>>> print(open('my_file-v1.cif').read())   # mmCIF, C-alpha atoms
data_target
#
loop_
_atom_site.group_PDB
_atom_site.id
_atom_site.type_symbol
_atom_site.label_atom_id
_atom_site.label_comp_id
_atom_site.auth_asym_id
_atom_site.auth_seq_id
_atom_site.Cartn_x
_atom_site.Cartn_y
_atom_site.Cartn_z
ATOM 1 C CA MET A 35 -11.188 -35.554 -14.595
ATOM 2 C CA THR A 36 -7.477 -35.413 -15.483
ATOM 3 C CA LYS A 37 -6.006 -31.923 -15.278
ATOM 4 C CA ILE A 38 -5.321 -30.431 -18.703
ATOM 5 C CA THR A 39 -1.819 -29.164 -19.488
ATOM 6 C CA VAL A 40 -0.485 -26.181 -21.427
ATOM 7 C CA ARG A 41 0.759 -28.545 -24.130
ATOM 8 C CA GLU A 42 -2.722 -30.066 -24.558
ATOM 9 C CA ILE A 43 -4.335 -26.630 -24.790
ATOM 10 C CA ALA A 44 -1.742 -25.704 -27.422
ATOM 11 C CA GLU A 45 -2.611 -28.824 -29.468
ATOM 12 C CA LEU A 46 -6.331 -28.001 -29.314
ATOM 13 C CA ALA A 47 -5.661 -24.411 -30.393
ATOM 14 C CA GLY A 48 -3.148 -25.368 -33.073
ATOM 15 C CA VAL A 49 -0.348 -23.225 -31.653
ATOM 16 C CA SER A 50 2.857 -23.752 -29.705
ATOM 17 C CA ALA A 51 2.936 -24.282 -25.949
ATOM 18 C CA MET A 52 4.971 -21.052 -25.698
ATOM 19 C CA THR A 53 2.113 -19.085 -27.280
ATOM 20 C CA VAL A 54 -0.357 -20.473 -24.736
ATOM 21 C CA SER A 55 2.074 -19.712 -21.907
ATOM 22 C CA ASN A 56 2.463 -16.116 -23.144
ATOM 23 C CA VAL A 57 -1.309 -15.632 -23.202
ATOM 24 C CA ILE A 58 -1.616 -16.997 -19.668
ATOM 25 C CA ARG A 59 1.085 -14.601 -18.446
ATOM 26 C CA GLY A 60 -0.373 -11.626 -20.331
ATOM 27 C CA LYS A 61 2.605 -11.348 -22.655
ATOM 28 C CA ASP A 62 0.441 -11.666 -25.745
ATOM 29 C CA SER A 63 1.185 -8.569 -27.832
ATOM 30 C CA HIS A 64 2.294 -10.768 -30.757
ATOM 31 C CA VAL A 65 -0.742 -13.062 -30.576
ATOM 32 C CA SER A 66 -3.737 -12.215 -32.778
ATOM 33 C CA LYS A 67 -6.961 -11.171 -31.076
ATOM 34 C CA GLU A 68 -8.809 -14.172 -32.528
ATOM 35 C CA MET A 69 -6.186 -16.664 -31.335
ATOM 36 C CA LYS A 70 -6.017 -15.064 -27.886
ATOM 37 C CA GLU A 71 -9.798 -15.392 -27.542
ATOM 38 C CA LYS A 72 -9.632 -19.029 -28.683
ATOM 39 C CA ILE A 73 -6.938 -19.880 -26.134
ATOM 40 C CA LEU A 74 -8.769 -18.111 -23.295
ATOM 41 C CA GLN A 75 -11.959 -19.936 -24.204
ATOM 42 C CA LEU A 76 -10.148 -23.291 -24.038
ATOM 43 C CA ILE A 77 -8.640 -22.329 -20.676
ATOM 44 C CA LYS A 78 -12.108 -21.540 -19.361
ATOM 45 C CA GLN A 79 -13.723 -24.609 -20.951
ATOM 46 C CA TYR A 80 -11.224 -27.032 -19.431
ATOM 47 C CA ASN A 81 -10.832 -25.099 -16.153
ATOM 48 C CA TYR A 82 -7.061 -24.842 -16.545
ATOM 49 C CA VAL A 83 -5.203 -23.708 -13.407
ATOM 50 C CA PRO A 84 -1.488 -22.815 -13.678
ATOM 51 C CA ASN A 85 0.977 -24.874 -11.645
ATOM 52 C CA GLN A 86 2.298 -22.127 -9.408
ATOM 53 C CA ASN A 87 5.214 -24.106 -7.980
ATOM 54 C CA ALA A 88 6.424 -25.015 -11.474
ATOM 55 C CA SER A 89 6.136 -21.380 -12.514
ATOM 56 C CA ASN A 90 8.200 -20.291 -9.507
ATOM 57 C CA LEU A 91 10.949 -22.747 -10.390
ATOM 58 C CA ARG A 92 11.100 -21.494 -13.983
ATOM 59 C CA THR A 93 11.084 -17.767 -13.247
ATOM 60 C CA GLY A 94 12.791 -17.615 -9.848
ATOM 61 C CA GLU A 95 9.890 -15.437 -8.698
ATOM 62 C CA SER A 96 6.945 -16.241 -6.437
ATOM 63 C CA SER A 97 3.320 -15.192 -6.167
ATOM 64 C CA LEU A 98 2.917 -16.886 -2.791
ATOM 65 C CA ILE A 99 2.409 -14.779 0.344
ATOM 66 C CA GLY A 100 2.818 -16.311 3.799
ATOM 67 C CA ILE A 101 0.425 -15.189 6.545
ATOM 68 C CA LEU A 102 2.156 -15.872 9.863
ATOM 69 C CA PHE A 103 0.285 -15.741 13.151
ATOM 70 C CA TYR A 104 2.938 -15.847 15.865
ATOM 71 C CA ASP A 105 1.511 -17.599 18.913
ATOM 72 C CA LYS A 106 3.430 -19.361 21.690
ATOM 73 C CA ARG A 107 0.296 -21.191 22.830
ATOM 74 C CA THR A 108 -0.466 -24.678 21.532
ATOM 75 C CA PHE A 109 -3.977 -23.616 20.450
ATOM 76 C CA THR A 110 -4.785 -20.695 18.164
ATOM 77 C CA ASP A 111 -8.386 -19.494 17.949
ATOM 78 C CA PHE A 112 -9.198 -18.590 14.352
ATOM 79 C CA THR A 113 -12.755 -17.671 15.360
ATOM 80 C CA ASP A 114 -11.269 -14.499 16.869
ATOM 81 C CA PRO A 115 -12.809 -11.620 14.838
ATOM 82 C CA PHE A 116 -9.396 -9.926 14.581
ATOM 83 C CA MET A 117 -7.847 -12.911 12.799
ATOM 84 C CA ALA A 118 -10.895 -13.487 10.610
ATOM 85 C CA SER A 119 -11.036 -9.833 9.540
ATOM 86 C CA ILE A 120 -7.315 -9.605 8.778
ATOM 87 C CA LEU A 121 -7.535 -12.752 6.657
ATOM 88 C CA THR A 122 -10.589 -11.374 4.841
ATOM 89 C CA GLY A 123 -8.754 -8.182 3.899
ATOM 90 C CA VAL A 124 -5.580 -9.987 2.826
ATOM 91 C CA THR A 125 -7.607 -12.453 0.749
ATOM 92 C CA GLN A 126 -9.500 -9.654 -1.013
ATOM 93 C CA GLU A 127 -6.278 -7.881 -1.983
ATOM 94 C CA ALA A 128 -4.506 -11.102 -2.956
ATOM 95 C CA LYS A 129 -7.309 -12.026 -5.334
ATOM 96 C CA ARG A 130 -7.307 -8.547 -6.852
ATOM 97 C CA GLN A 131 -3.544 -8.601 -7.452
ATOM 98 C CA GLY A 132 -3.176 -12.269 -8.450
ATOM 99 C CA TYR A 133 -1.333 -13.610 -5.413
ATOM 100 C CA PHE A 134 -1.774 -16.876 -3.524
ATOM 101 C CA LEU A 135 -1.869 -17.231 0.274
ATOM 102 C CA MET A 136 -0.574 -19.785 2.749
ATOM 103 C CA VAL A 137 -1.527 -19.411 6.440
ATOM 104 C CA HIS A 138 0.790 -20.695 9.162
ATOM 105 C CA VAL A 139 0.735 -20.509 12.948
ATOM 106 C CA VAL A 140 4.352 -20.312 14.080
ATOM 107 C CA HIS A 141 5.635 -20.757 17.619
ATOM 108 C CA SER A 142 9.322 -19.898 17.202
ATOM 109 C CA PRO A 143 11.848 -18.391 14.781
ATOM 110 C CA ARG A 144 12.831 -21.958 13.831
ATOM 111 C CA ASP A 145 9.300 -22.583 12.513
ATOM 112 C CA ILE A 146 9.763 -19.664 10.134
ATOM 113 C CA GLU A 147 13.144 -20.948 8.968
ATOM 114 C CA VAL A 148 11.620 -24.368 8.220
ATOM 115 C CA ILE A 149 8.761 -23.062 6.061
ATOM 116 C CA GLN A 150 11.168 -20.837 4.124
ATOM 117 C CA ARG A 151 13.254 -23.889 3.258
ATOM 118 C CA ASN A 152 10.210 -25.763 1.998
ATOM 119 C CA TRP A 153 8.322 -23.019 0.135
ATOM 120 C CA LYS A 154 9.288 -20.037 -1.958
ATOM 121 C CA PHE A 155 7.455 -16.936 -0.710
ATOM 122 C CA ALA A 156 7.352 -13.427 -2.149
ATOM 123 C CA GLY A 157 6.882 -12.040 1.358
ATOM 124 C CA PHE A 158 5.282 -12.461 4.777
ATOM 125 C CA ILE A 159 2.476 -10.739 6.658
ATOM 126 C CA VAL A 160 3.140 -11.255 10.362
ATOM 127 C CA ALA A 161 0.796 -10.722 13.325
ATOM 128 C CA GLY A 162 1.142 -11.401 17.035
ATOM 129 C CA VAL A 163 4.850 -10.627 17.523
ATOM 130 C CA GLU A 164 5.676 -9.045 20.882
ATOM 131 C CA ASN A 165 8.490 -6.602 21.501
ATOM 132 C CA HIS A 166 10.913 -9.054 23.116
ATOM 133 C CA ASP A 167 10.502 -11.537 20.245
ATOM 134 C CA PHE A 168 10.775 -9.095 17.353
ATOM 135 C CA ALA A 169 14.555 -9.132 16.834
ATOM 136 C CA GLU A 170 14.761 -12.931 16.554
ATOM 137 C CA ILE A 171 11.651 -13.199 14.378
ATOM 138 C CA ASN A 172 12.785 -10.465 12.022
ATOM 139 C CA LYS A 173 16.249 -12.046 11.790
ATOM 140 C CA ALA A 174 14.672 -15.374 10.813
ATOM 141 C CA ILE A 175 12.682 -13.769 7.993
ATOM 142 C CA LYS A 176 14.856 -13.474 4.871
ATOM 143 C CA ILE A 177 12.284 -11.754 2.617
ATOM 144 C CA PRO A 178 10.100 -8.606 2.718
ATOM 145 C CA ALA A 179 7.550 -8.516 5.532
ATOM 146 C CA THR A 180 4.663 -6.467 6.871
ATOM 147 C CA TYR A 181 4.072 -6.604 10.634
ATOM 148 C CA ILE A 182 0.548 -5.978 11.938
ATOM 149 C CA ASP A 183 0.050 -4.466 15.406
ATOM 150 C CA THR A 184 3.673 -5.055 16.398
ATOM 151 C CA TYR A 185 5.057 -2.465 18.798
ATOM 152 C CA CYS A 186 8.807 -2.382 19.137
ATOM 153 C CA GLU A 187 11.672 0.057 19.010
ATOM 154 C CA ALA A 188 12.192 -0.772 15.319
ATOM 155 C CA ALA A 189 8.662 0.369 14.438
ATOM 156 C CA GLY A 190 9.742 3.952 15.028
ATOM 157 C CA GLU A 191 12.194 3.832 12.148
ATOM 158 C CA MET A 192 12.341 2.389 8.651
ATOM 159 C CA VAL A 193 13.646 -1.178 8.689
ATOM 160 C CA GLU A 194 14.984 -2.611 5.426
ATOM 161 C CA LYS A 195 12.201 -4.360 3.477
ATOM 162 C CA THR A 196 9.898 -4.226 6.512
ATOM 163 C CA ASN A 197 6.557 -2.440 6.891
ATOM 164 C CA PHE A 198 4.530 -1.806 10.042
ATOM 165 C CA ILE A 199 0.769 -1.307 10.285
ATOM 166 C CA MET A 200 -0.570 -0.282 13.670
ATOM 167 C CA THR A 201 -3.658 1.286 15.237
ATOM 168 C CA ASP A 202 -3.633 4.431 17.348
ATOM 169 C CA ASP A 203 -4.325 2.472 20.533
ATOM 170 C CA GLU A 204 -3.821 5.477 22.786
ATOM 171 C CA ALA A 205 -6.617 7.302 20.955
ATOM 172 C CA ILE A 206 -8.917 4.284 21.407
ATOM 173 C CA SER A 207 -8.588 4.347 25.193
ATOM 174 C CA GLU A 208 -8.918 8.124 25.281
ATOM 175 C CA LYS A 209 -12.269 7.812 23.489
ATOM 176 C CA VAL A 210 -13.421 5.086 25.868
ATOM 177 C CA ALA A 211 -12.388 7.078 28.948
ATOM 178 C CA SER A 212 -14.123 10.234 27.728
ATOM 179 C CA TYR A 213 -17.323 8.355 26.879
ATOM 180 C CA LEU A 214 -17.515 6.478 30.198
ATOM 181 C CA GLU A 215 -16.987 9.689 32.143
ATOM 182 C CA LYS A 216 -19.676 11.407 30.076
ATOM 183 C CA MET A 217 -22.041 8.562 30.991
ATOM 184 C CA GLY A 218 -21.264 9.094 34.695
ATOM 185 C CA HIS A 219 -19.077 6.043 35.415
ATOM 186 C CA LYS A 220 -16.376 6.457 38.061
ATOM 187 C CA LYS A 221 -15.334 2.843 38.727
ATOM 188 C CA VAL A 222 -14.388 0.647 35.755
ATOM 189 C CA LEU A 223 -13.085 -2.889 35.291
ATOM 190 C CA PHE A 224 -10.376 -2.917 32.626
ATOM 191 C CA PHE A 225 -10.440 -6.449 31.188
ATOM 192 C CA THR A 226 -7.874 -7.533 28.616
ATOM 193 C CA PHE A 227 -5.756 -10.311 27.211
ATOM 194 C CA ASP A 228 -2.554 -10.874 29.219
ATOM 195 C CA PHE A 229 0.373 -8.585 28.476
ATOM 196 C CA LYS A 230 3.706 -7.585 30.001
ATOM 197 C CA PHE A 231 3.570 -4.212 31.742
ATOM 198 C CA ASP A 232 7.183 -3.395 30.951
ATOM 199 C CA GLU A 233 6.995 -4.026 27.187
ATOM 200 C CA PRO A 234 5.123 -2.072 24.507
ATOM 201 C CA SER A 235 2.192 -3.926 22.947
ATOM 202 C CA VAL A 236 -1.365 -3.251 21.789
ATOM 203 C CA MET A 237 -2.889 -4.052 25.191
ATOM 204 C CA GLU A 238 -0.125 -2.293 27.128
ATOM 205 C CA ARG A 239 -0.714 0.867 25.098
ATOM 206 C CA ARG A 240 -4.466 0.706 25.647
ATOM 207 C CA PHE A 241 -4.072 0.207 29.388
ATOM 208 C CA ARG A 242 -1.493 2.980 29.856
ATOM 209 C CA ALA A 243 -3.616 5.409 27.868
ATOM 210 C CA PHE A 244 -6.744 4.518 29.853
ATOM 211 C CA GLN A 245 -4.841 4.993 33.111
ATOM 212 C CA LYS A 246 -3.792 8.422 31.938
ATOM 213 C CA SER A 247 -7.162 9.500 30.541
ATOM 214 C CA PHE A 248 -9.719 8.113 33.005
ATOM 215 C CA SER A 249 -10.120 10.181 36.166
ATOM 216 C CA GLY A 250 -11.989 7.508 38.140
ATOM 217 C CA GLU A 251 -10.963 4.209 39.748
ATOM 218 C CA ILE A 252 -9.649 1.376 37.544
ATOM 219 C CA ILE A 253 -9.773 -2.302 38.521
ATOM 220 C CA PHE A 254 -7.588 -4.587 36.389
ATOM 221 C CA ALA A 255 -8.149 -8.203 35.295
ATOM 222 C CA SER A 256 -6.847 -10.250 32.372
ATOM 223 C CA THR A 257 -7.036 -13.619 30.632
ATOM 224 C CA SER A 258 -4.676 -15.652 28.450
ATOM 225 C CA SER A 259 -7.476 -16.599 26.036
ATOM 226 C CA SER A 260 -11.090 -15.905 25.135
ATOM 227 C CA ASP A 261 -12.213 -19.218 26.620
ATOM 228 C CA TYR A 262 -15.397 -18.627 28.619
ATOM 229 C CA GLN A 263 -14.382 -20.756 31.608
ATOM 230 C CA GLU A 264 -11.032 -19.004 31.916
ATOM 231 C CA ILE A 265 -12.668 -15.580 31.742
ATOM 232 C CA LEU A 266 -15.167 -16.678 34.396
ATOM 233 C CA GLU A 267 -12.341 -17.794 36.694
ATOM 234 C CA ASN A 268 -10.516 -14.493 36.272
ATOM 235 C CA VAL A 269 -13.531 -12.387 37.291
ATOM 236 C CA GLU A 270 -14.678 -14.778 40.045
ATOM 237 C CA PRO A 271 -13.838 -12.297 42.862
ATOM 238 C CA TYR A 272 -16.468 -9.913 41.430
ATOM 239 C CA LEU A 273 -19.353 -12.325 40.836
ATOM 240 C CA MET A 274 -21.233 -11.641 44.075
ATOM 241 C CA ALA A 275 -20.570 -7.912 44.315
ATOM 242 C CA GLN A 276 -19.084 -5.590 41.724
ATOM 243 C CA PRO A 277 -16.918 -2.668 42.867
ATOM 244 C CA PHE A 278 -17.388 -1.155 39.379
ATOM 245 C CA THR A 279 -20.320 0.065 37.272
ATOM 246 C CA ALA A 280 -18.822 -0.513 33.826
ATOM 247 C CA ILE A 281 -16.389 -2.784 32.008
ATOM 248 C CA TYR A 282 -13.882 -1.731 29.369
ATOM 249 C CA ALA A 283 -13.015 -4.898 27.427
ATOM 250 C CA THR A 284 -10.123 -4.544 24.999
ATOM 251 C CA ALA A 285 -11.751 -6.844 22.407
ATOM 252 C CA ASP A 286 -15.336 -7.578 21.390
ATOM 253 C CA ILE A 287 -14.719 -11.311 21.741
ATOM 254 C CA LEU A 288 -14.062 -10.693 25.451
ATOM 255 C CA ALA A 289 -17.009 -8.324 25.805
ATOM 256 C CA VAL A 290 -19.567 -10.786 24.480
ATOM 257 C CA LYS A 291 -18.534 -13.372 27.092
ATOM 258 C CA LEU A 292 -18.317 -10.840 29.911
ATOM 259 C CA HIS A 293 -21.846 -9.788 28.984
ATOM 260 C CA GLN A 294 -23.025 -13.322 29.751
ATOM 261 C CA ILE A 295 -21.434 -13.069 33.207
ATOM 262 C CA PHE A 296 -22.365 -9.482 34.131
ATOM 263 C CA LYS A 297 -25.710 -9.136 32.355
ATOM 264 C CA ASP A 298 -26.770 -5.866 33.984
ATOM 265 C CA LEU A 299 -23.467 -3.980 33.853
ATOM 266 C CA SER A 300 -22.410 -1.454 31.231
ATOM 267 C CA ILE A 301 -19.819 -2.769 28.758
ATOM 268 C CA ILE A 302 -17.762 -0.987 26.116
ATOM 269 C CA SER A 303 -15.266 -2.691 23.857
ATOM 270 C CA VAL A 304 -12.992 -2.485 20.818
ATOM 271 C CA ASP A 305 -13.180 -3.892 17.264
ATOM 272 C CA ASN A 306 -16.806 -3.518 16.084
ATOM 273 C CA ALA A 307 -16.978 -7.203 15.182
ATOM 274 C CA PRO A 308 -19.927 -8.213 12.965
ATOM 275 C CA PHE A 309 -21.829 -9.668 15.934
ATOM 276 C CA ALA A 310 -21.629 -6.440 17.991
ATOM 277 C CA GLU A 311 -24.885 -4.955 16.727
ATOM 278 C CA PHE A 312 -26.782 -8.224 17.156
ATOM 279 C CA LEU A 313 -26.193 -8.571 20.898
ATOM 280 C CA SER A 314 -28.887 -7.506 23.324
ATOM 281 C CA PRO A 315 -28.249 -4.790 24.271
ATOM 282 C CA LYS A 316 -26.280 -3.842 21.169
ATOM 283 C CA LEU A 317 -22.595 -3.423 21.963
ATOM 284 C CA THR A 318 -21.046 0.030 22.154
ATOM 285 C CA THR A 319 -17.553 -0.357 20.745
ATOM 286 C CA VAL A 320 -14.630 1.425 19.115
ATOM 287 C CA ALA A 321 -14.505 0.405 15.458
ATOM 288 C CA ILE A 322 -11.239 -0.500 13.751
ATOM 289 C CA ASP A 323 -11.403 -1.435 10.087
ATOM 290 C CA GLN A 324 -9.397 -4.656 10.396
ATOM 291 C CA VAL A 325 -10.391 -5.768 6.902
ATOM 292 C CA LYS A 326 -8.854 -2.580 5.522
ATOM 293 C CA LYS A 327 -5.778 -3.264 7.666
ATOM 294 C CA GLY A 328 -5.390 -6.642 5.977
ATOM 295 C CA ARG A 329 -5.734 -5.135 2.508
ATOM 296 C CA LEU A 330 -3.215 -2.409 3.312
ATOM 297 C CA ALA A 331 -0.780 -4.932 4.785
ATOM 298 C CA LEU A 332 -0.658 -6.881 1.536
ATOM 299 C CA ARG A 333 -0.659 -3.786 -0.674
ATOM 300 C CA ASN A 334 2.392 -2.383 1.157
ATOM 301 C CA LEU A 335 4.128 -5.757 1.087
ATOM 302 C CA ILE A 336 3.700 -6.147 -2.661
ATOM 303 C CA GLU A 337 5.065 -2.646 -3.207
ATOM 304 C CA THR A 338 8.104 -3.558 -1.105
ATOM 305 C CA THR A 339 8.722 -6.709 -3.161
ATOM 306 C CA LYS A 340 8.594 -4.665 -6.361
ATOM 307 C CA SER A 341 10.411 -1.443 -5.470
ATOM 308 C CA GLY A 342 12.067 -2.012 -2.096
ATOM 309 C CA THR A 343 10.228 0.935 -0.538
ATOM 310 C CA THR A 344 8.762 0.561 2.962
ATOM 311 C CA ARG A 345 6.250 2.513 5.036
ATOM 312 C CA ASN A 346 4.642 2.649 8.474
ATOM 313 C CA ASP A 347 0.884 3.242 8.714
ATOM 314 C CA PHE A 348 -1.479 3.998 11.598
ATOM 315 C CA MET A 349 -5.153 3.038 11.361
ATOM 316 C CA SER A 350 -7.766 5.372 12.828
ATOM 317 C CA SER A 351 -10.738 4.348 14.984
ATOM 318 C CA GLU A 352 -14.310 5.508 15.601
ATOM 319 C CA LEU A 353 -16.572 5.196 18.637
ATOM 320 C CA ILE A 354 -19.822 3.430 17.718
ATOM 321 C CA GLU A 355 -22.437 4.281 20.362
ATOM 322 C CA ARG A 356 -25.144 1.661 20.795
ATOM 323 C CA ASP A 357 -26.991 0.440 23.903
ATOM 324 C CA SER A 358 -24.589 -1.404 26.183
ATOM 325 C CA VAL A 359 -23.439 1.562 28.329
ATOM 326 C CA ASN A 360 -26.031 3.017 30.680
ATOM 327 C CA ARG A 361 -25.975 6.564 31.992
ATOM 328 C CA ILE A 362 -25.762 6.756 35.795
#
>>> encode(input="my_file-v1.cif", output="structure tokens")
Amino acid sequence: MTKITVREIAELAGVSAMTVSNVIRGKDSHVSKEMKEKILQLIKQYNYVPNQNASNLRTGESSLIGILFYDKRTFTDFTDPFMASILTGVTQEAKRQGYFLMVHVVHSPRDIEVIQRNWKFAGFIVAGVENHDFAEINKAIKIPATYIDTYCEAAGEMVEKTNFIMTDDEAISEKVASYLEKMGHKKVLFFTFDFKFDEPSVMERRFRAFQKSFSGEIIFASTSSSDYQEILENVEPYLMAQPFTAIYATADILAVKLHQIFKDLSIISVDNAPFAEFLSPKLTTVAIDQVKKGRLALRNLIETTKSGTTRNDFMSSELIERDSVNRI
């Protein structure tokens, strides 16, 4: 069916196209209640959807938010519960506030420059930026932005038109260390996504805090992705004999695959992904409300676009004790 236009709705209602446009935009104080109801009924009947790009050109404003996942790898795994949860929260808030979303995986500052030339965005939500890349990425972004889980020197101060939302990653590892010690574990495999030891990041913070808080022996291993075969290769030295009694995985998506490899070992993780309570045994994990993080990221961004104010927020976490850590 051919898409109906504002002009055609106006002809059906017997009013001007400007009147219909005002009703659509909520600027209808001079339109009678009866006529407003008639126009809205026609909009619903013919499933009219505004042309957002045309509206942006007319007003010079935009209701489009860019969600940028910064990833230098050629493949980005959107089945990762972190990504899925962030997108869920952003989508919920966008729908509530009347914004539209466009998701991009970007591999360089140039990628960001290209999409800004081709689309008009109100702002960006950015995830996955490491400390050494922040300055170039932030320079490439010409509009308000909210960074999620980005640790850098700039996050300690207010940057113009830039928000930061982070999690208290030190507190997460402190909770894990305390719980494992309470359960009698003295040798632990710390398994994580790759990170640079000399640069602040989510995983670096978790590892440093665990080193500081756990009084027992820590064995370290990491992976560049959540691919099962790669994880298997990275723990191959421990397949025949394990010099540890428990595993601290820094993400549930890692824990579920490690559980398939080390079926009888205790495992604790981070995220509280939806599948955590359906594993056998049920996964003990530190819950972070990533959906709330996504909602807050967009809420802060919209406020920045409207008033210019910025803020930094830290999300809290909660240990969810289930069945995957045995007492020894």
>>> atom_distance(input="my_file-v1.cif", atom1="CA of Ser97 in chain A", atom2="CA of Met52 in chain A")
20.5 Å
>>> resolve_selection(input="my_file-v1.cif", expression="the PyMOL selection byres ((chain A and resi 231-236) around 10)", output="PyMOL selection string")
chain A and resi 162-166+183-187+200-204+227-230+237-242+284
>>> resolve_selection(input="my_file-v1.cif", expression="the PyMOL selection byres ((chain A and resi 179) around 10)", output="list in words")
Ile99, Gly100, Ile101, Ala156, Gly157, Phe158, Ile159, Val160, Asn172, Ile175, Lys176, Ile177, Pro178, Thr180, Tyr181, Ile182, Glu194, Lys195, Thr196, Asn197, Phe198, Ala331, Leu332, Asn334, Leu335, Ile336, Thr338, Thr339 and Thr344 of chain A
>>> resolve_selection(input="my_file-v1.cif", expression="the PyMOL selection byres ((chain A and resi 300-316) around 8)", output="PyMOL selection string")
chain A and resi 115-116+206+210+279-286+289-290+293+298-299+317-324+354+356-360
>>> atom_distance(input="my_file-v1.cif", atom1="CA of Ser50 in chain A", atom2="CA of Tyr80 in chain A")
17.7 Å
>>> atom_distance(input="my_file-v1.cif", atom1="CA of Lys297 in chain A", atom2="CA of Gln245 in chain A")
25.2 Å
>>> closest_residue(input="my_file-v1.cif", among="A:Val140, A:Leu214, A:Ile149, A:Ile199", to="Asp347 in chain A", atoms="only C-alpha atoms")
A:Ile199
>>> closest_residue(input="my_file-v1.cif", among="A:Ala205, A:Ile265, A:Ile287, A:Leu76", to="Leu353 in chain A", atoms="only C-alpha atoms")
A:Ala205
>>> residues_around(input="my_file-v1.cif", residues="Leu273 in chain A", least_positions_apart="3", cutoff="9 Å", atoms="all atoms listed in the file", output="list in words")
Leu266, Val269, Glu270, Gln276, Ile295 and Phe296 of chain A
>>> residues_near_point(input="my_file-v1.cif", point="(-11.2, -1.9, 5.5)", cutoff="12 Å", atoms="all atoms listed in the file", output="ChimeraX atom specification")
/A:119-124,126-127,321-331,349-351
>>> axis_aligned_box(input="my_file-v1.cif", around="range 253-266 of chain A", padding_each_side="8 Å", output="AutoDock Vina command-line options")
--center_x -10.0 --center_y -11.5 --center_z 31.8 --size_x 26.7 --size_y 34.5 --size_z 29.4
>>> residues_around(input="my_file-v1.cif", residues="range 53-62 of chain A", least_positions_apart="4", cutoff="12 Å", atoms="only C-alpha atoms", output="PyMOL selection string")
chain A and resi 39-49+66-78+82-86+89+93+132
>>> write_last_selection(input="my_file-v1.cif", atoms="C-alpha atoms", output="PDB file, keeping the file's coordinate frame")
ATOM      1  CA  THR A  39      -1.819 -29.164 -19.488  1.00  0.00           C
ATOM      2  CA  VAL A  40      -0.485 -26.181 -21.427  1.00  0.00           C
ATOM      3  CA  ARG A  41       0.759 -28.545 -24.130  1.00  0.00           C
ATOM      4  CA  GLU A  42      -2.722 -30.066 -24.558  1.00  0.00           C
ATOM      5  CA  ILE A  43      -4.335 -26.630 -24.790  1.00  0.00           C
ATOM      6  CA  ALA A  44      -1.742 -25.704 -27.422  1.00  0.00           C
ATOM      7  CA  GLU A  45      -2.611 -28.824 -29.468  1.00  0.00           C
ATOM      8  CA  LEU A  46      -6.331 -28.001 -29.314  1.00  0.00           C
ATOM      9  CA  ALA A  47      -5.661 -24.411 -30.393  1.00  0.00           C
ATOM     10  CA  GLY A  48      -3.148 -25.368 -33.073  1.00  0.00           C
ATOM     11  CA  VAL A  49      -0.348 -23.225 -31.653  1.00  0.00           C
ATOM     12  CA  SER A  66      -3.737 -12.215 -32.778  1.00  0.00           C
ATOM     13  CA  LYS A  67      -6.961 -11.171 -31.076  1.00  0.00           C
ATOM     14  CA  GLU A  68      -8.809 -14.172 -32.528  1.00  0.00           C
ATOM     15  CA  MET A  69      -6.186 -16.664 -31.335  1.00  0.00           C
ATOM     16  CA  LYS A  70      -6.017 -15.064 -27.886  1.00  0.00           C
ATOM     17  CA  GLU A  71      -9.798 -15.392 -27.542  1.00  0.00           C
ATOM     18  CA  LYS A  72      -9.632 -19.029 -28.683  1.00  0.00           C
ATOM     19  CA  ILE A  73      -6.938 -19.880 -26.134  1.00  0.00           C
ATOM     20  CA  LEU A  74      -8.769 -18.111 -23.295  1.00  0.00           C
ATOM     21  CA  GLN A  75     -11.959 -19.936 -24.204  1.00  0.00           C
ATOM     22  CA  LEU A  76     -10.148 -23.291 -24.038  1.00  0.00           C
ATOM     23  CA  ILE A  77      -8.640 -22.329 -20.676  1.00  0.00           C
ATOM     24  CA  LYS A  78     -12.108 -21.540 -19.361  1.00  0.00           C
ATOM     25  CA  TYR A  82      -7.061 -24.842 -16.545  1.00  0.00           C
ATOM     26  CA  VAL A  83      -5.203 -23.708 -13.407  1.00  0.00           C
ATOM     27  CA  PRO A  84      -1.488 -22.815 -13.678  1.00  0.00           C
ATOM     28  CA  ASN A  85       0.977 -24.874 -11.645  1.00  0.00           C
ATOM     29  CA  GLN A  86       2.298 -22.127  -9.408  1.00  0.00           C
ATOM     30  CA  SER A  89       6.136 -21.380 -12.514  1.00  0.00           C
ATOM     31  CA  THR A  93      11.084 -17.767 -13.247  1.00  0.00           C
ATOM     32  CA  GLY A 132      -3.176 -12.269  -8.450  1.00  0.00           C
TER      33      GLY A 132
END
>>> closest_residue(input="my_file-v1.cif", among="A:Lys340, A:His141, A:Arg333, A:Lys154", to="Lys129 in chain A", atoms="all atoms listed in the file")
A:Arg333
